[in-house]
$ cat model.cif   # mmCIF, C-alpha atoms
data_work
#
loop_
_atom_site.group_PDB
_atom_site.id
_atom_site.type_symbol
_atom_site.label_atom_id
_atom_site.label_comp_id
_atom_site.auth_asym_id
_atom_site.auth_seq_id
_atom_site.Cartn_x
_atom_site.Cartn_y
_atom_site.Cartn_z
ATOM 1 C CA MET T 1 29.462 9.211 7.875
ATOM 2 C CA ASN T 2 26.332 7.603 9.325
ATOM 3 C CA SER T 3 27.963 5.279 11.856
ATOM 4 C CA ALA T 4 24.599 4.353 13.417
ATOM 5 C CA LEU T 5 23.348 3.013 10.095
ATOM 6 C CA ARG T 6 26.572 1.112 9.474
ATOM 7 C CA LYS T 7 26.452 -0.474 12.940
ATOM 8 C CA ALA T 8 22.794 -1.449 12.516
ATOM 9 C CA MET T 9 23.555 -3.085 9.159
ATOM 10 C CA ALA T 10 26.486 -4.948 10.666
ATOM 11 C CA ALA T 11 24.340 -6.126 13.573
ATOM 12 C CA SER T 12 21.770 -7.430 11.088
ATOM 13 C CA ARG T 13 24.561 -8.969 8.973
ATOM 14 C CA LEU T 14 23.397 -7.085 5.924
ATOM 15 C CA THR T 15 25.657 -5.590 3.262
ATOM 16 C CA GLU T 16 24.998 -2.534 1.133
ATOM 17 C CA THR T 17 23.916 -4.867 -1.656
ATOM 18 C CA ASP T 18 21.535 -6.709 0.672
ATOM 19 C CA VAL T 19 19.827 -3.507 1.797
ATOM 20 C CA ALA T 20 19.614 -2.213 -1.762
ATOM 21 C CA ALA T 21 17.989 -5.446 -2.930
ATOM 22 C CA GLN T 22 15.436 -5.403 -0.112
ATOM 23 C CA LEU T 23 14.445 -1.780 -0.800
ATOM 24 C CA GLY T 24 14.659 -1.945 -4.594
ATOM 25 C CA VAL T 25 17.305 0.783 -4.879
ATOM 26 C CA ASP T 26 20.799 0.969 -6.338
ATOM 27 C CA PRO T 27 23.660 -0.093 -3.997
ATOM 28 C CA LYS T 28 25.250 3.297 -4.673
ATOM 29 C CA THR T 29 22.189 4.893 -3.060
ATOM 30 C CA VAL T 30 22.851 2.917 0.130
ATOM 31 C CA GLN T 31 26.485 3.987 -0.034
ATOM 32 C CA ARG T 32 25.387 7.620 -0.129
ATOM 33 C CA TRP T 33 23.213 7.033 2.952
ATOM 34 C CA LEU T 34 26.201 5.565 4.737
ATOM 35 C CA SER T 35 28.221 8.611 3.719
ATOM 36 C CA GLY T 36 25.728 10.870 5.458
ATOM 37 C CA GLN T 37 23.062 11.668 2.876
ATOM 38 C CA ARG T 38 19.595 11.637 4.424
ATOM 39 C CA PRO T 39 17.136 9.357 2.563
ATOM 40 C CA TYR T 40 13.606 10.320 1.627
ATOM 41 C CA PRO T 41 11.028 9.473 4.330
ATOM 42 C CA ARG T 42 9.760 6.343 2.557
ATOM 43 C CA HIS T 43 13.302 4.947 2.481
ATOM 44 C CA ARG T 44 14.003 5.887 6.101
ATOM 45 C CA TRP T 45 10.904 3.984 7.202
ATOM 46 C CA ALA T 46 11.827 1.007 5.034
ATOM 47 C CA VAL T 47 15.412 0.859 6.330
ATOM 48 C CA ALA T 48 14.257 1.147 9.941
ATOM 49 C CA ASP T 49 11.777 -1.695 9.428
ATOM 50 C CA LEU T 50 14.390 -3.842 7.701
ATOM 51 C CA LEU T 51 17.006 -3.332 10.429
ATOM 52 C CA GLN T 52 14.431 -3.511 13.237
ATOM 53 C CA VAL T 53 15.532 -0.230 14.812
ATOM 54 C CA GLU T 54 13.851 3.100 15.415
ATOM 55 C CA GLU T 55 14.163 5.619 12.611
ATOM 56 C CA VAL T 56 15.357 8.328 15.034
ATOM 57 C CA ALA T 57 18.271 6.096 16.029
ATOM 58 C CA LEU T 58 19.525 6.148 12.453
ATOM 59 C CA TRP T 59 18.548 9.734 11.554
ATOM 60 C CA PRO T 60 18.066 11.673 14.830
ATOM 61 C CA GLU T 61 17.626 15.134 13.359
ATOM 62 C CA GLU T 62 14.808 16.132 11.030
ATOM 63 C CA ASP T 63 16.107 17.651 7.840
ATOM 64 C CA ARG T 64 13.262 19.252 5.910
ATOM 65 C CA SER T 65 15.510 19.958 2.944
ATOM 66 C CA GLN T 66 15.620 16.258 2.132
ATOM 67 C CA GLU T 67 11.881 15.593 2.241
ATOM 68 C CA ASP T 68 10.171 14.252 -0.871
ATOM 69 C CA PRO T 69 9.531 17.183 -3.220
ATOM 70 C CA PRO T 70 5.974 17.780 -4.392
ATOM 71 C CA LEU T 71 5.063 15.506 -7.271
ATOM 72 C CA SER T 72 3.240 18.372 -8.965
ATOM 73 C CA GLU T 73 1.013 21.244 -7.984
ATOM 74 C CA HIS T 74 -1.731 18.648 -7.478
ATOM 75 C CA ALA T 75 0.661 16.143 -5.811
ATOM 76 C CA TYR T 76 -0.123 13.034 -7.798
ATOM 77 C CA ARG T 77 1.706 10.414 -9.825
ATOM 78 C CA VAL T 78 0.112 8.295 -12.547
ATOM 79 C CA TYR T 79 1.061 4.772 -13.585
ATOM 80 C CA ALA T 80 -0.261 3.537 -16.936
ATOM 81 C CA ARG T 81 -1.045 0.082 -15.530
ATOM 82 C CA ARG T 82 -1.234 -1.402 -12.054
ATOM 83 C CA TRP T 83 1.406 -3.988 -12.860
ATOM 84 C CA GLU T 84 3.816 -1.113 -13.518
ATOM 85 C CA VAL T 85 3.505 0.149 -9.941
ATOM 86 C CA PRO T 86 6.736 -1.033 -8.266
ATOM 87 C CA ARG T 87 6.349 -3.304 -5.282
ATOM 88 C CA GLU T 88 8.275 -0.712 -3.276
ATOM 89 C CA ALA T 89 5.436 1.769 -3.817
ATOM 90 C CA TRP T 90 2.893 -0.645 -2.306
ATOM 91 C CA ARG T 91 5.263 -1.432 0.528
ATOM 92 C CA ASP T 92 5.921 2.238 1.223
ATOM 93 C CA LEU T 93 2.217 3.014 1.261
ATOM 94 C CA PHE T 94 1.336 0.419 3.883
ATOM 95 C CA ALA T 95 4.565 0.448 5.910
ATOM 96 C CA SER T 96 4.360 4.233 6.343
ATOM 97 C CA ALA T 97 0.855 4.100 7.861
ATOM 98 C CA ARG T 98 0.661 5.394 11.409
ATOM 99 C CA GLN T 99 -3.129 5.596 11.858
ATOM 100 C CA GLU T 100 -5.085 3.688 9.231
ATOM 101 C CA ILE T 101 -4.910 1.398 6.225
ATOM 102 C CA GLY T 102 -7.884 0.848 3.934
ATOM 103 C CA ILE T 103 -8.169 -1.589 1.027
ATOM 104 C CA LEU T 104 -11.275 -1.652 -1.193
ATOM 105 C CA VAL T 105 -11.151 -4.172 -4.049
ATOM 106 C CA TYR T 106 -12.958 -6.997 -5.755
ATOM 107 C CA SER T 107 -10.214 -9.482 -4.888
ATOM 108 C CA GLY T 108 -6.817 -7.811 -4.267
ATOM 109 C CA LEU T 109 -5.235 -11.209 -4.775
ATOM 110 C CA PHE T 110 -1.917 -9.659 -5.832
ATOM 111 C CA LEU T 111 -1.607 -8.369 -2.248
ATOM 112 C CA ALA T 112 -3.204 -11.316 -0.456
ATOM 113 C CA ASP T 113 -0.834 -13.716 -2.224
ATOM 114 C CA ASP T 114 2.224 -11.686 -1.179
ATOM 115 C CA ALA T 115 3.500 -12.968 2.166
ATOM 116 C CA GLY T 116 5.591 -9.839 2.626
ATOM 117 C CA MET T 117 2.602 -7.541 2.223
ATOM 118 C CA LEU T 118 0.564 -9.607 4.680
ATOM 119 C CA GLU T 119 3.433 -9.348 7.137
ATOM 120 C CA ILE T 120 3.477 -5.560 6.781
ATOM 121 C CA LEU T 121 -0.289 -5.351 7.364
ATOM 122 C CA ALA T 122 0.056 -7.570 10.434
ATOM 123 C CA GLU T 123 2.968 -5.527 11.773
ATOM 124 C CA ARG T 124 1.154 -2.231 11.283
ATOM 125 C CA ALA T 125 -1.967 -3.592 12.982
ATOM 126 C CA GLY T 126 0.191 -4.762 15.876
ATOM 127 C CA ALA T 127 1.563 -1.225 16.137
ATOM 128 C CA GLY T 128 -1.945 0.171 16.599
ATOM 129 C CA VAL T 129 -2.872 0.997 13.003
ATOM 130 C CA ASP T 130 -6.515 0.329 12.072
ATOM 131 C CA VAL T 131 -6.560 -2.024 9.087
ATOM 132 C CA ARG T 132 -9.818 -2.317 7.118
ATOM 133 C CA ILE T 133 -10.109 -4.595 4.107
ATOM 134 C CA ILE T 134 -13.213 -4.756 1.899
ATOM 135 C CA LEU T 135 -13.377 -7.597 -0.632
ATOM 136 C CA GLY T 136 -15.997 -8.379 -3.221
ATOM 137 C CA ASP T 137 -18.600 -10.931 -2.133
ATOM 138 C CA PRO T 138 -17.779 -13.967 -4.325
ATOM 139 C CA GLU T 139 -21.475 -14.872 -4.510
ATOM 140 C CA SER T 140 -22.654 -11.397 -5.491
ATOM 141 C CA ARG T 141 -24.098 -10.426 -8.852
ATOM 142 C CA GLN T 142 -21.685 -7.496 -9.045
ATOM 143 C CA VAL T 143 -18.598 -9.717 -8.853
ATOM 144 C CA LYS T 144 -20.079 -12.032 -11.484
ATOM 145 C CA GLN T 145 -20.795 -9.098 -13.810
ATOM 146 C CA ARG T 146 -17.289 -7.715 -13.350
ATOM 147 C CA GLY T 147 -15.819 -11.124 -14.187
ATOM 148 C CA GLU T 148 -17.900 -11.259 -17.347
ATOM 149 C CA ALA T 149 -16.873 -7.716 -18.291
ATOM 150 C CA GLU T 150 -13.205 -8.687 -17.943
ATOM 151 C CA GLY T 151 -13.793 -11.792 -20.039
ATOM 152 C CA ILE T 152 -12.734 -14.180 -17.261
ATOM 153 C CA GLY T 153 -16.175 -15.381 -16.141
ATOM 154 C CA ASP T 154 -16.197 -17.115 -12.753
ATOM 155 C CA ALA T 155 -12.453 -16.655 -12.332
ATOM 156 C CA LEU T 156 -12.927 -13.322 -10.539
ATOM 157 C CA ALA T 157 -15.250 -14.893 -7.964
ATOM 158 C CA ALA T 158 -12.651 -17.623 -7.456
ATOM 159 C CA ARG T 159 -9.949 -15.001 -6.960
ATOM 160 C CA ALA T 160 -12.130 -13.213 -4.412
ATOM 161 C CA ARG T 161 -12.628 -16.476 -2.487
ATOM 162 C CA ASN T 162 -8.898 -17.163 -2.543
ATOM 163 C CA ALA T 163 -8.065 -13.647 -1.369
ATOM 164 C CA LEU T 164 -10.534 -13.958 1.493
ATOM 165 C CA LEU T 165 -8.857 -17.176 2.632
ATOM 166 C CA LEU T 166 -5.414 -15.572 2.480
ATOM 167 C CA PHE T 167 -6.452 -12.352 4.260
ATOM 168 C CA ARG T 168 -8.519 -14.149 6.910
ATOM 169 C CA PRO T 169 -5.604 -14.991 9.303
ATOM 170 C CA LEU T 170 -5.147 -11.251 9.835
ATOM 171 C CA LEU T 171 -8.436 -11.277 11.748
ATOM 172 C CA ASP T 172 -6.574 -12.854 14.667
ATOM 173 C CA ILE T 173 -4.846 -9.494 15.183
ATOM 174 C CA ASP T 174 -6.579 -6.715 17.093
ATOM 175 C CA GLY T 175 -7.291 -3.756 14.857
ATOM 176 C CA VAL T 176 -7.923 -5.740 11.667
ATOM 177 C CA GLU T 177 -11.430 -5.978 10.228
ATOM 178 C CA ILE T 178 -12.487 -7.564 6.950
ATOM 179 C CA ARG T 179 -15.827 -7.088 5.211
ATOM 180 C CA THR T 180 -17.327 -8.178 1.895
ATOM 181 C CA HIS T 181 -19.267 -5.872 -0.405
ATOM 182 C CA SER T 182 -21.812 -6.235 -3.187
ATOM 183 C CA THR T 183 -21.363 -2.882 -4.888
ATOM 184 C CA VAL T 184 -20.232 -1.817 -8.348
ATOM 185 C CA LEU T 185 -16.674 -0.509 -8.058
ATOM 186 C CA TYR T 186 -15.502 2.152 -10.473
ATOM 187 C CA ASN T 187 -12.047 1.960 -8.924
ATOM 188 C CA SER T 188 -10.107 0.101 -6.268
ATOM 189 C CA VAL T 189 -8.931 2.178 -3.303
ATOM 190 C CA TYR T 190 -5.767 1.693 -1.241
ATOM 191 C CA LEU T 191 -5.384 4.362 1.439
ATOM 192 C CA THR T 192 -3.569 5.511 4.531
ATOM 193 C CA GLU T 193 -3.925 8.710 6.526
ATOM 194 C CA SER T 194 -1.402 10.413 4.229
ATOM 195 C CA ARG T 195 -1.661 8.881 0.744
ATOM 196 C CA LEU T 196 -3.898 6.926 -1.611
ATOM 197 C CA LEU T 197 -3.355 4.684 -4.600
ATOM 198 C CA ILE T 198 -6.429 4.615 -6.842
ATOM 199 C CA ASN T 199 -6.692 1.846 -9.445
ATOM 200 C CA GLN T 200 -9.127 2.902 -12.157
ATOM 201 C CA HIS T 201 -11.558 0.277 -13.527
ATOM 202 C CA VAL T 202 -12.071 0.177 -17.301
ATOM 203 C CA HIS T 203 -14.746 -1.959 -18.939
ATOM 204 C CA GLY T 204 -13.259 -4.974 -20.668
ATOM 205 C CA PHE T 205 -9.871 -4.775 -18.959
ATOM 206 C CA PRO T 206 -8.613 -6.388 -15.733
ATOM 207 C CA ALA T 207 -7.524 -3.999 -12.998
ATOM 208 C CA ALA T 208 -3.896 -5.045 -13.423
ATOM 209 C CA LYS T 209 -3.926 -3.443 -16.885
ATOM 210 C CA THR T 210 -5.586 -0.133 -15.981
ATOM 211 C CA PRO T 211 -4.137 3.144 -14.603
ATOM 212 C CA VAL T 212 -3.219 3.857 -10.993
ATOM 213 C CA VAL T 213 -3.136 7.379 -9.541
ATOM 214 C CA GLU T 214 -1.162 8.204 -6.401
ATOM 215 C CA ILE T 215 -2.609 11.083 -4.362
ATOM 216 C CA ASP T 216 -1.127 12.992 -1.439
ATOM 217 C CA ARG T 217 -3.944 13.750 1.020
ATOM 218 C CA ALA T 218 -2.315 16.875 2.447
ATOM 219 C CA SER T 219 -1.583 18.485 -0.910
ATOM 220 C CA SER T 220 -4.808 17.411 -2.666
ATOM 221 C CA PRO T 221 -7.389 17.132 0.135
ATOM 222 C CA ASP T 222 -10.453 17.628 -2.076
ATOM 223 C CA MET T 223 -9.432 14.956 -4.549
ATOM 224 C CA ALA T 224 -8.460 12.553 -1.771
ATOM 225 C CA GLU T 225 -11.685 13.144 0.157
ATOM 226 C CA THR T 226 -13.766 11.996 -2.810
ATOM 227 C CA TYR T 227 -12.198 8.543 -2.699
ATOM 228 C CA VAL T 228 -12.127 8.375 1.093
ATOM 229 C CA ARG T 229 -15.870 9.080 1.241
ATOM 230 C CA SER T 230 -16.484 6.418 -1.389
ATOM 231 C CA PHE T 231 -14.520 3.933 0.736
ATOM 232 C CA GLU T 232 -16.563 4.814 3.821
ATOM 233 C CA LEU T 233 -19.869 4.441 1.951
ATOM 234 C CA VAL T 234 -18.950 0.922 0.851
ATOM 235 C CA TRP T 235 -17.665 0.097 4.332
ATOM 236 C CA LYS T 236 -20.975 0.993 5.932
ATOM 237 C CA CYS T 237 -22.983 -1.374 3.750
ATOM 238 C CA ALA T 238 -20.418 -4.211 3.650
ATOM 239 C CA LYS T 239 -20.835 -7.452 5.633
ATOM 240 C CA GLN T 240 -18.406 -8.281 8.412
ATOM 241 C CA VAL T 241 -16.261 -11.389 8.062
ATOM 242 C CA GLU T 242 -15.899 -13.346 11.295
ATOM 243 C CA PRO T 243 -12.535 -14.839 12.364
#

$ encode --input "model.cif" --output "structure tokens"
Amino acid sequence: MNSALRKAMAASRLTETDVAAQLGVDPKTVQRWLSGQRPYPRHRWAVADLLQVEEVALWPEEDRSQEDPPLSEHAYRVYARRWEVPREAWRDLFASARQEIGILVYSGLFLADDAGMLEILAERAGAGVDVRIILGDPESRQVKQRGEAEGIGDALAARARNALLLFRPLLDIDGVEIRTHSTVLYNSVYLTESRLLINQHVHGFPAAKTPVVEIDRASSPDMAETYVRSFELVWKCAKQVEP
């Protein structure tokens, strides 16, 4: 029995169903955690954040046998479309960051328009994580061409402007920097020091309808480094957005 977890849930006035709903898991999964089963790391971090307690207070001993198993010999998972990536996966990616978060997109409005995601980015920045966001320059030729390729015309530029407005308040937090780019993106990059989500760009289709690949940086360092270097190249030539 995990009495520490039960006490923390009681202190937060959260039931098993409440916790399950917040994390996107089955209530029976939470029951197993309460019975002593050790969750995967992404769930431990999420529960600790939800209950506002330290992870070690809930699970004091490291149990390597319960760590996430390798996804494959190349340690990656593929989603057929971005909209199929569960919100929990995005939350886990950013909430688990301990050193850095990088976002390279044309607009990223699906994140900017999510108050919960903005809160996670703000919280991580407040904890000392470097947060770098690179958005497409709404006035650039590249954003216009991408909008035309997707068949939505000026709508992409409008989405980029909206995303910039929604992300901009994060600039009030130390450790957050936002830039705009005028480059042709062959994929959108979402990274931390341990994992990446890569959204492929396909001509004629919006990013929400194209594949996403999840990469573990430790297990697939060469593959991950390709995208990290691409991010850094765009970052160097991007224009800084002032608070």

$ resolve_selection --input "model.cif" --expression "the PyMOL selection byres ((chain T and resi 155-160) around 7)" --output "JSON, numbers by chain"
{"T": [106, 107, 109, 135, 136, 138, 143, 144, 147, 152, 153, 154, 161, 162, 163, 164]}

$ resolve_selection --input "model.cif" --expression "the PyMOL selection byres ((chain T and resi 15) around 12)" --output "ChimeraX atom specification"
/T:5-14,16-22,27-28,30-31,34,51

$ closest_residue --input "model.cif" --among "T:Asp130, T:Ala208, T:Glu225, T:Ser230" --to "Gly108 (chain T)" --atoms "all atoms listed in the file"
T:Ala208

$ atom_distance --input "model.cif" --atom1 "CA of Asp114 (chain T)" --atom2 "CA of Val131 (chain T)"
16.6 Å

$ resolve_selection --input "model.cif" --expression "the PyMOL selection byres ((chain T and resi 127) around 10)" --output "list of chain:residue names"
T:Ala97, T:Arg98, T:Gln99, T:Leu121, T:Ala122, T:Glu123, T:Arg124, T:Ala125, T:Gly126, T:Gly128, T:Val129, T:Asp130, T:Asp174, T:Gly175

$ axis_aligned_box --input "model.cif" --around "region 103-121 of chain T" --padding-each-side "4 Å" --output "AutoDock Vina command-line options"
--center_x -3.7 --center_y -7.7 --center_z 0.8 --size_x 26.5 --size_y 20.1 --size_z 21.2

$ residues_around --input "model.cif" --residues "Gln37 (chain T)" --least-positions-apart "5" --cutoff "10 Å" --atoms "only C-alpha atoms" --output "JSON, numbers by chain"
{"T": [1, 2, 29, 30, 31, 32, 59, 66]}

$ write_last_selection --input "model.cif" --atoms "C-alpha atoms" --output "PDB file, in the frame of the given file"
ATOM      1  CA  MET T   1      29.462   9.211   7.875  1.00  0.00           C
ATOM      2  CA  ASN T   2      26.332   7.603   9.325  1.00  0.00           C
ATOM      3  CA  THR T  29      22.189   4.893  -3.060  1.00  0.00           C
ATOM      4  CA  VAL T  30      22.851   2.917   0.130  1.00  0.00           C
ATOM      5  CA  GLN T  31      26.485   3.987  -0.034  1.00  0.00           C
ATOM      6  CA  ARG T  32      25.387   7.620  -0.129  1.00  0.00           C
ATOM      7  CA  TRP T  59      18.548   9.734  11.554  1.00  0.00           C
ATOM      8  CA  GLN T  66      15.620  16.258   2.132  1.00  0.00           C
TER       9      GLN T  66
END

$ residues_near_point --input "model.cif" --point "(6.1, 0.2, 8.1)" --cutoff "7 Å" --atoms "all atoms listed in the file" --output "ChimeraX atom specification"
/T:45-46,49,94-97,120,124

$ closest_residue --input "model.cif" --among "T:Arg44, T:Arg38, T:His203, T:Arg91" --to "Met117 (chain T)" --atoms "all atoms listed in the file"
T:Arg91

$ closest_residue --input "model.cif" --among "T:Val234, T:Ile198, T:Ala224, T:Ile178" --to "Arg82 (chain T)" --atoms "all atoms listed in the file"
T:Ile198

$ closest_residue --input "model.cif" --among "T:Ile215, T:Leu166, T:Leu104, T:Leu111" --to "Tyr186 (chain T)" --atoms "all atoms listed in the file"
T:Leu104

$ closest_residue --input "model.cif" --among "T:Val47, T:Ile103, T:Ala80, T:Ala149" --to "Pro206 (chain T)" --atoms "all atoms listed in the file"
T:Ala149

$ closest_residue --input "model.cif" --among "T:Asp216, T:Glu100, T:Asp92, T:Asp26" --to "Pro41 (chain T)" --atoms "only C-alpha atoms"
T:Asp92

$ closest_atom_pairs --input "model.cif" --of "region 161-226 of chain T" --to "region 75-79 of chain T" --cutoff "10 Å" --atoms "only C-alpha atoms" --output "Markdown table"
| residue | atom | partner | partner_atom | distance |
| --- | --- | --- | --- | --- |
| T:Arg195 | CA | T:Tyr76 | CA | 9.6 |
| T:Leu196 | CA | T:Tyr76 | CA | 9.5 |
| T:Leu197 | CA | T:Arg77 | CA | 9.3 |
| T:Ile198 | CA | T:Val78 | CA | 9.4 |
| T:Asn199 | CA | T:Tyr79 | CA | 9.3 |
| T:Thr210 | CA | T:Tyr79 | CA | 8.6 |
| T:Pro211 | CA | T:Tyr79 | CA | 5.5 |
| T:Val212 | CA | T:Tyr79 | CA | 5.1 |
| T:Val213 | CA | T:Val78 | CA | 4.5 |
| T:Glu214 | CA | T:Arg77 | CA | 5.0 |
| T:Ile215 | CA | T:Tyr76 | CA | 4.7 |
| T:Asp216 | CA | T:Ala75 | CA | 5.7 |
| T:Arg217 | CA | T:Ala75 | CA | 8.6 |
| T:Ala218 | CA | T:Ala75 | CA | 8.8 |
| T:Ser219 | CA | T:Ala75 | CA | 5.9 |
| T:Ser220 | CA | T:Ala75 | CA | 6.4 |
